[in-house]
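> Below is the file run30.cif, which contains mmCIF, C-alpha atoms.
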```
data_work
#
loop_
_atom_site.label_atom_id
_atom_site.label_comp_id
_atom_site.auth_asym_id
_atom_site.auth_seq_id
_atom_site.Cartn_x
_atom_site.Cartn_y
_atom_site.Cartn_z
CA MET A 1 92.46 34.69 6.27
CA THR A 2 95.50 36.62 7.54
CA ILE A 3 96.08 36.30 11.25
CA ASN A 4 98.10 39.20 12.61
CA GLU A 5 98.25 40.92 15.99
CA ASN A 6 95.34 43.21 15.18
CA PHE A 7 93.04 40.50 13.91
CA VAL A 8 89.91 40.01 16.05
CA PRO A 9 88.86 36.35 15.85
CA VAL A 10 85.23 35.33 16.30
CA THR A 11 84.14 31.73 16.76
CA LYS A 12 81.36 30.45 14.54
CA LYS A 13 77.96 30.24 16.19
CA CYS A 14 77.46 26.74 14.82
CA VAL A 15 80.45 25.48 16.82
CA GLU A 16 79.38 24.35 20.27
CA LEU A 17 81.64 23.75 23.22
CA GLU A 18 81.66 21.02 25.87
CA GLU A 19 84.00 21.90 28.70
CA LEU A 20 86.17 19.29 30.42
CA ASP A 21 88.68 19.49 33.31
CA ASP A 22 91.68 19.41 31.01
CA GLY A 23 90.39 20.96 27.80
CA CYS A 24 87.23 20.91 25.79
CA ILE A 25 85.43 19.35 22.86
CA LEU A 26 84.16 21.47 19.98
CA TYR A 27 81.26 20.24 17.90
CA ASP A 28 80.63 21.86 14.54
CA THR A 29 76.89 21.40 14.11
CA GLU A 30 76.97 22.35 10.42
CA LYS A 31 79.83 20.09 9.35
CA ASP A 32 79.13 17.42 11.97
CA GLU A 33 82.78 17.47 13.04
CA VAL A 34 84.38 17.12 16.44
CA HIS A 35 87.65 18.67 17.64
CA SER A 36 89.47 18.19 20.93
CA LEU A 37 91.37 21.05 22.53
CA ASN A 38 93.80 21.00 25.45
CA SER A 39 93.34 23.50 28.27
CA THR A 40 95.49 26.22 26.65
CA ALA A 41 93.72 25.94 23.31
CA ALA A 42 90.35 25.90 25.13
CA SER A 43 91.25 29.21 26.85
CA ILE A 44 92.25 30.70 23.51
CA TRP A 45 88.97 29.50 22.01
CA ILE A 46 86.94 31.20 24.76
CA CYS A 47 88.84 34.46 24.12
CA CYS A 48 87.88 34.39 20.43
CA ASP A 49 84.69 36.29 21.22
CA GLY A 50 84.96 39.16 18.74
CA LYS A 51 85.96 41.56 21.51
CA HIS A 52 89.66 40.77 21.74
CA SER A 53 92.44 41.16 19.21
CA VAL A 54 95.08 38.45 18.81
CA LYS A 55 97.51 40.67 20.74
CA GLU A 56 95.06 40.96 23.65
CA ILE A 57 94.41 37.20 23.58
CA VAL A 58 98.15 36.56 23.74
CA ASP A 59 98.40 38.84 26.81
CA VAL A 60 95.43 37.21 28.57
CA VAL A 61 96.55 33.62 27.90
CA GLU A 62 100.16 34.38 28.85
CA LYS A 63 98.97 35.76 32.19
CA CYS A 64 96.61 32.82 32.82
CA PHE A 65 99.22 30.13 32.19
CA LYS A 66 102.26 32.01 33.47
CA SER A 67 102.78 29.78 36.49
CA GLU A 68 101.98 26.49 34.73
CA SER A 69 104.02 26.46 31.58
CA LYS A 70 105.84 28.65 29.14
CA ILE A 71 103.35 29.76 26.52
CA VAL A 72 105.03 31.25 23.49
CA PRO A 73 103.00 33.99 21.74
CA ARG A 74 103.82 32.33 18.44
CA ASP A 75 102.04 29.16 19.60
CA ILE A 76 98.94 31.10 20.50
CA ILE A 77 98.85 32.69 17.06
CA LYS A 78 99.42 29.24 15.53
CA THR A 79 96.45 27.89 17.50
CA ILE A 80 94.21 30.68 16.19
CA GLU A 81 95.51 29.95 12.68
CA ASN A 82 94.53 26.32 13.20
CA PHE A 83 91.03 27.35 14.25
CA SER A 84 90.86 29.36 11.05
CA LYS A 85 92.18 26.50 8.89
CA LYS A 86 89.55 24.18 10.35
CA GLU A 87 86.92 26.81 9.50
CA LEU A 88 85.90 27.23 13.11
CA LEU A 89 86.13 31.02 12.96
CA THR A 90 83.80 33.47 11.26
CA PRO A 91 85.46 34.60 8.01
CA MET B 1 60.24 -27.91 16.96
CA TYR B 2 62.36 -26.40 19.75
CA GLN B 3 61.74 -22.70 20.31
CA LEU B 4 63.96 -20.47 22.40
CA HIS B 5 62.92 -16.94 23.27
CA TYR B 6 65.24 -14.15 24.27
CA LYS B 7 64.80 -10.65 25.62
CA LEU B 8 67.91 -8.57 25.21
CA HIS B 9 66.83 -5.32 26.88
CA SER B 10 64.01 -4.06 24.58
CA HIS B 11 64.88 -6.45 21.75
CA TRP B 12 62.99 -9.72 21.51
CA PHE B 13 64.08 -12.54 19.29
CA SER B 14 63.49 -16.26 18.93
CA ILE B 15 65.58 -19.13 17.69
CA GLN B 16 63.84 -22.22 16.42
CA THR B 17 65.18 -25.55 15.25
CA GLY B 18 64.04 -29.12 14.85
CA ASN B 19 67.32 -30.47 16.19
CA LYS B 20 67.71 -30.88 19.96
CA LYS B 21 71.51 -30.66 19.89
CA LEU B 22 71.39 -27.39 17.95
CA ALA B 23 68.76 -26.11 20.39
CA ASP B 24 71.00 -26.97 23.36
CA LEU B 25 73.88 -25.02 21.82
CA CYS B 26 71.63 -22.06 20.96
CA SER B 27 70.44 -21.89 24.55
CA GLN B 28 74.00 -20.90 25.52
CA LEU B 29 74.21 -17.88 23.21
CA TYR B 30 72.71 -15.33 25.61
CA PRO B 31 72.00 -17.49 28.66
CA SER B 32 71.07 -14.63 30.96
CA SER B 33 68.68 -13.18 28.39
CA ARG B 34 66.47 -16.25 27.96
CA SER B 35 62.79 -15.60 28.36
CA LYS B 36 60.06 -18.14 29.03
CA HIS B 37 57.46 -15.95 27.41
CA LEU B 38 57.17 -14.90 23.83
CA GLY B 39 56.97 -11.11 23.64
CA SER B 40 56.41 -9.22 20.44
CA THR B 41 59.35 -10.91 18.73
CA HIS B 42 61.27 -8.67 16.35
CA ILE B 43 63.23 -11.41 14.58
CA VAL B 44 62.94 -15.18 14.25
CA TYR B 45 66.08 -17.16 13.46
CA SER B 46 65.59 -20.71 12.19
CA LEU B 47 68.35 -23.27 12.14
CA ASN B 48 67.97 -26.12 9.68
CA MET B 49 70.09 -29.18 9.18
CA ARG B 50 69.89 -31.21 5.96
CA ASN B 51 71.93 -33.84 4.14
CA ASP B 52 73.48 -32.86 0.83
CA ASN B 53 74.83 -35.49 -1.57
CA VAL B 54 78.00 -33.49 -2.21
CA ALA B 55 78.63 -31.37 0.89
CA GLY B 56 77.31 -33.83 3.46
CA VAL B 57 75.53 -32.26 6.41
CA VAL B 58 74.57 -28.65 5.65
CA TYR B 59 73.46 -26.19 8.30
CA GLU B 60 71.33 -23.19 7.35
CA ILE B 61 70.33 -19.98 9.10
CA LEU B 62 67.04 -18.44 8.05
CA VAL B 63 66.14 -14.97 9.27
CA ASP B 64 62.39 -14.36 9.27
CA GLY B 65 62.04 -17.25 6.83
CA LYS B 66 64.73 -16.07 4.38
CA ASN B 67 67.83 -18.14 3.86
CA LYS B 68 70.80 -16.02 4.92
CA TYR B 69 73.69 -18.41 5.48
CA GLN B 70 74.74 -22.01 5.00
CA THR B 71 77.79 -23.99 6.04
CA ASN B 72 78.86 -27.54 6.78
CA ILE B 73 80.94 -26.53 9.80
CA LYS B 74 78.86 -26.42 12.96
CA SER B 75 81.10 -24.02 14.87
CA GLU B 76 80.86 -21.53 11.97
CA LEU B 77 77.10 -21.85 12.12
CA PHE B 78 77.14 -20.66 15.71
CA SER B 79 79.68 -17.88 15.28
CA THR B 80 77.64 -16.57 12.31
CA LEU B 81 74.38 -16.87 14.22
CA GLU B 82 75.91 -15.00 17.17
CA TRP B 83 77.19 -12.29 14.82
CA MET B 84 73.75 -11.94 13.15
CA VAL B 85 71.95 -11.79 16.48
CA THR B 86 74.37 -9.17 17.82
CA CYS B 87 74.15 -6.97 14.69
CA ASN B 88 70.35 -7.11 14.65
CA ALA B 89 70.14 -6.49 18.41
CA LEU B 90 72.35 -3.42 18.09
CA SER B 91 70.29 -2.04 15.24
CA HIS B 92 67.16 -2.41 17.42
CA LEU B 93 68.72 -1.05 20.62
CA GLN B 94 69.14 2.50 19.36
CA GLU B 95 67.82 3.88 22.65
CA PHE B 96 71.28 3.13 24.01
CA PHE B 97 74.52 4.77 23.04
CA GLN B 98 76.69 1.87 21.85
CA LEU B 99 80.41 1.52 22.32
CA HIS B 100 82.93 -1.00 21.05
CA ALA B 101 84.44 -1.79 24.43
CA GLY B 102 84.85 -4.40 27.10
CA ALA B 103 83.65 -3.70 30.63
CA VAL B 104 84.43 -5.19 34.03
CA ILE B 105 83.41 -4.30 37.56
CA LYS B 106 85.10 -4.70 40.92
CA LYS B 107 83.89 -3.31 44.26
CA GLY B 108 81.22 -1.31 42.43
CA LYS B 109 83.72 0.39 40.15
CA ILE B 110 83.32 -0.14 36.42
CA ILE B 111 86.30 -0.12 34.10
CA LEU B 112 85.56 0.46 30.42
CA LEU B 113 88.03 -1.00 27.93
CA PRO B 114 87.49 0.62 24.52
CA ALA B 115 89.69 -0.70 21.71
CA ASN B 116 89.80 -1.54 18.06
CA HIS B 117 89.31 -5.11 16.91
CA GLY B 118 92.23 -7.39 17.81
CA GLN B 119 93.64 -5.25 20.62
CA GLY B 120 92.82 -7.81 23.35
CA LYS B 121 89.47 -6.75 24.79
CA THR B 122 88.22 -10.31 25.18
CA THR B 123 91.51 -11.70 26.50
CA LEU B 124 91.93 -8.90 29.03
CA THR B 125 88.29 -9.12 30.08
CA LEU B 126 88.62 -12.87 30.61
CA SER B 127 91.89 -12.44 32.48
CA LEU B 128 90.40 -9.79 34.75
CA THR B 129 87.49 -12.10 35.57
CA ARG B 130 90.09 -14.57 36.85
CA ASN B 131 91.37 -11.77 39.10
CA ASN B 132 88.21 -10.97 41.03
CA TYR B 133 86.66 -8.65 38.46
CA ARG B 134 83.23 -9.43 37.07
CA CYS B 135 82.61 -9.30 33.37
CA LEU B 136 79.90 -6.98 32.04
CA SER B 137 80.89 -7.29 28.42
CA ASP B 138 83.83 -8.34 26.30
CA ASP B 139 83.01 -6.35 23.19
CA ILE B 140 79.90 -4.17 23.35
CA VAL B 141 78.83 -1.70 26.00
CA LEU B 142 75.44 -0.01 26.07
CA ILE B 143 75.12 3.37 27.74
CA GLU B 144 71.95 4.99 28.99
CA PRO B 145 72.11 8.40 27.25
CA GLU B 146 70.49 10.48 30.01
CA THR B 147 72.54 9.10 32.89
CA THR B 148 75.64 7.54 31.23
CA LYS B 149 75.00 4.43 33.30
CA ILE B 150 76.46 1.23 31.90
CA ILE B 151 74.10 -1.50 30.72
CA PRO B 152 75.68 -4.98 30.45
CA PHE B 153 75.57 -6.79 27.13
CA PRO B 154 75.87 -10.36 28.32
CA ARG B 155 76.66 -12.63 25.44
CA SER B 156 78.58 -15.87 25.88
CA PHE B 157 82.03 -16.30 24.43
CA LEU B 158 82.14 -18.93 21.72
CA ILE B 159 85.50 -20.69 21.96
CA LYS B 160 86.49 -23.24 19.35
CA ASP B 161 88.93 -26.06 18.72
CA LYS B 162 92.49 -25.59 20.01
CA SER B 163 91.66 -22.34 21.82
CA ILE B 164 89.62 -24.31 24.37
CA LYS B 165 92.67 -26.30 25.51
CA LYS B 166 94.97 -23.28 25.33
CA MET B 167 92.68 -21.01 27.33
CA THR B 168 91.86 -23.72 29.88
CA GLU B 169 95.56 -24.40 30.46
CA SER B 170 96.28 -20.71 30.95
CA HIS B 171 93.32 -20.56 33.40
CA LEU B 172 91.50 -17.98 31.28
CA ILE B 173 88.40 -20.14 31.15
CA ASP B 174 86.88 -22.69 33.41
CA LYS B 175 84.91 -25.53 31.84
CA LYS B 176 82.49 -25.46 34.78
CA SER B 177 81.35 -21.97 33.75
CA GLY B 178 79.94 -22.83 30.40
CA TYR B 179 78.66 -25.43 28.01
CA TYR B 180 81.07 -27.79 26.30
CA CYS B 181 80.03 -29.77 23.25
CA LYS B 182 82.77 -32.38 23.07
CA SER B 183 81.74 -33.91 19.74
CA ASP B 184 82.01 -30.56 17.93
CA ASP B 185 84.74 -29.05 20.10
CA ILE B 186 82.64 -25.98 20.82
CA PHE B 187 82.69 -24.29 24.20
CA TYR B 188 80.32 -21.55 25.25
CA TYR B 189 81.88 -19.75 28.15
CA ASN B 190 79.59 -17.64 30.27
CA PRO B 191 81.57 -15.39 32.61
CA TYR B 192 78.59 -13.22 33.57
CA CYS B 193 76.92 -13.25 36.92
CA THR B 194 73.40 -14.59 36.81
CA ASN B 195 71.82 -11.34 37.93
CA ASN B 196 73.22 -8.10 36.59
CA SER B 197 70.26 -5.97 37.67
CA HIS B 198 72.12 -4.29 40.53
CA ILE B 199 74.78 -3.11 38.10
CA ARG B 200 72.31 -0.92 36.27
CA ASN B 201 72.96 2.09 38.45
CA THR B 202 76.66 2.37 37.87
CA LYS B 203 78.65 4.83 35.82
CA PRO B 204 82.18 4.05 34.69
CA HIS B 205 84.92 4.86 37.16
CA THR B 206 87.86 4.37 34.80
CA ILE B 207 88.24 4.27 31.02
CA ILE B 208 91.30 2.53 29.59
CA GLU B 209 92.06 2.52 25.90
CA LEU B 210 93.80 -0.76 24.98
CA LYS B 211 96.63 -1.17 22.53
CA HIS B 212 98.38 -4.48 22.15
CA SER B 213 101.53 -5.30 20.23
CA ARG B 214 104.51 -7.54 20.88
CA ARG B 215 106.71 -4.53 20.12
CA PHE B 216 105.22 -2.36 22.90
CA LYS B 217 106.71 -1.77 26.30
CA ASN B 218 104.11 -2.23 29.03
CA GLU B 219 102.81 1.18 29.95
CA LEU B 220 99.74 2.64 31.61
CA ARG B 221 99.62 6.40 31.28
CA PRO B 222 96.92 9.00 31.92
CA VAL B 223 95.36 10.60 28.86
CA SER B 224 93.42 13.84 28.70
CA LYS B 225 89.65 13.64 28.86
CA SER B 226 89.29 15.53 25.60
CA GLN B 227 91.55 12.99 23.86
CA MET B 228 89.61 10.10 25.40
CA CYS B 229 86.40 11.67 24.18
CA ILE B 230 87.67 11.51 20.58
CA LYS B 231 88.90 7.93 21.08
CA LEU B 232 85.46 6.89 22.38
CA LEU B 233 83.79 8.66 19.52
CA ARG B 234 85.72 6.45 17.11
CA GLN B 235 84.52 3.36 19.00
CA SER B 236 80.85 4.26 18.89
CA PHE B 237 78.57 2.09 16.76
CA ASN B 238 75.75 4.62 16.57
CA ILE B 239 77.18 8.13 16.95
CA HIS B 240 75.58 8.95 13.58
CA ASN B 241 72.17 8.68 15.25
CA TYR B 242 73.10 10.84 18.22
CA LYS B 243 75.36 13.49 16.65
CA ARG B 244 75.36 16.53 19.02
CA SER B 245 73.81 14.64 21.93
CA GLY B 246 76.38 11.87 21.36
CA VAL B 247 79.14 14.38 22.06
CA THR B 248 77.37 15.38 25.28
CA ILE B 249 77.05 11.72 26.30
CA LEU B 250 80.77 11.17 25.72
CA THR B 251 81.85 14.30 27.57
CA ASN B 252 79.59 13.32 30.49
CA LEU B 253 81.11 9.84 30.38
CA VAL B 254 84.72 11.04 30.59
CA ARG B 255 83.99 13.95 32.95
CA ASN B 256 83.63 11.69 35.99
CA SER B 257 86.08 9.00 34.93
CA LYS B 258 89.82 8.53 35.16
CA CYS B 259 91.21 8.12 31.65
CA TYR B 260 94.23 6.03 30.69
CA SER B 261 95.95 4.48 27.73
CA LEU B 262 97.30 0.96 28.21
CA LYS B 263 100.00 -0.38 25.91
CA THR B 264 100.98 -3.97 26.56
CA ASN B 265 102.84 -6.86 25.04
CA ASN B 266 101.49 -9.55 27.38
CA ILE B 267 98.36 -10.26 29.33
CA THR B 268 99.93 -10.81 32.76
CA ASP B 269 101.37 -7.31 32.81
CA ALA B 270 98.14 -5.87 31.43
CA VAL B 271 96.20 -7.37 34.36
CA ARG B 272 98.84 -6.17 36.85
CA LEU B 273 98.70 -2.61 35.51
CA VAL B 274 94.89 -2.47 35.47
CA SER B 275 94.75 -3.88 39.01
CA GLN B 276 97.01 -1.05 40.23
CA ILE B 277 94.41 1.60 39.41
#
```
Go through the file and emit its structure as structure tokens.

Amino acid sequence: MTINENFVPVTKKCVELEELDDGCILYDTEKDEVHSLNSTAASIWICCDGKHSVKEIVDVVEKCFKSESKIVPRDIIKTIENFSKKELLTP
Amino acid sequence: MYQLHYKLHSHWFSIQTGNKKLADLCSQLYPSSRSKHLGSTHIVYSLNMRNDNVAGVVYEILVDGKNKYQTNIKSELFSTLEWMVTCNALSHLQEFFQLHAGAVIKKGKIILLPANHGQGKTTLTLSLTRNNYRCLSDDIVLIEPETTKIIPFPRSFLIKDKSIKKMTESHLIDKKSGYYCKSDDIFYYNPYCTNNSHIRNTKPHTIIELKHSRRFKNELRPVSKSQMCIKLLRQSFNIHNYKRSGVTILTNLVRNSKCYSLKTNNITDAVRLVSQI
């Protein structure tokens, strides 16, 4: 799967989320796998709703975490690539 | 025949033996779980002692009448029996989410100490009990799935041979709080309070993952709740039975707890760091 700025990521329905103060836990009900995400990755995950392109997600996440830390757009794209590699996104 | 009955939460088991000395030692295994009445016993353990021309005295453990283990070393008999009882109890107590962790309580606040084997759960638990903490478990913690309340798993610590002297000298154990069999150099140490019922309504306040190595610098640092969730998942005995709901139990568990990682190279500093929380 090629992740570019125009790509619109969608999370798989079988992946369920448990929110925590400082991130979240993802549970893949089909593969019976668990993943932990920090707060930035959790925000990115929530934005992968099929309504936002990678470029839009980068803008939203950059704005959200502007005051807290320096989020590099490249890192956000890398995070979405990781979701894809772990087969958490709809192909 | 001496018969001892135990009720470990919903699991009933009995130990029977024809030897009074063996019965006395067995009575120390789970002292706070002894029951006068025989419920619907799930498992019967029988301890036999016989003389063998070659091996000398041979001790046997029979589980529901089937011979499962034999040895000529009495202390091994008891450590194996304790291991068998614990494994069978855990396989029966599936109504609880089970974690490989120690647990102590002080002023109503429970500290969970999850760790791999050999990372110092028992030593730290014992040391904390010498510093005004009360022991709930040194190795296994049961969790009520709906509420994430901690259920004590009160087994005695079996301490053998040279460790008895070493641990007594370092004030980790007190011979008054247990049963010492001088002839066999076996000491059952019971650090649990006699009545743990009032602890049933308590959720963990702090979760500390333990890592011990002589190469480590002593360090207590906060870890994220999502990371702790994964660490706890790895320490669960029965996550395979809970799957999705197990993840919910763990997230509920960490949600209201402070989460830390403790790296230590000695027990004194470990106790000091835990006491600072």
> Just need the residues of chain A within 9 Å of chain B, counting all atoms listed in the file, so spit them out as a list in words.
Glu16, Glu18, Glu19, Leu20, Asp21, Asp22, Gly23, Cys24, Ile25, Leu26, Tyr27, Asp28, Thr29, Asp32, Val34, His35, Ser36, Leu37 and Asn38 of chain A
> Rank nothing, just name the residue among B:Leu47, B:Ile151, B:Leu38, B:Ala55 nearest to B:Tyr69, using only C-alpha atoms.
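Smallest distance to B:Tyr69 is found for B:Leu47.
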> Report as a list in words the residues that result from applying the PyMOL selection byres ((chain B and resi 236) around 9) to the structure here.
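Checked against the file, the PyMOL selection byres ((chain B and resi 236) around 9) matches Phe97, Gln98, Leu99, His100, Ala101, Leu232, Leu233, Arg234, Gln235, Phe237, Asn238, Ile239 and His240 of chain B.
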> What does the structure give for the distance between atom CA of B:Arg215 and atom CA of B:Lys263, in Å to one decimal?
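One can read the atom CA of B:Arg215 to atom CA of B:Lys263 distance as 9.8 Å.
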> Just checking: using all atoms listed in the file, which residue out of B:Ile15, B:Val274, B:Leu136, B:Ile61 ends up closest to B:Ile105?
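Comparing B:Ile15, B:Val274, B:Leu136, B:Ile61 against B:Ile105, the winner is B:Leu136.
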> With distances taken over all atoms listed in the file, which residue among B:His117, B:Glu146, B:Pro191, B:Val44 lies nearest B:Lys176?
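Closest candidate: B:Pro191.
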> Mind pulling up the distance from atom CA of B:Asn48 to atom CA of B:Arg34?
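We find that atom CA of B:Arg34 and atom CA of B:Asn48 lie 20.8 Å from each other.
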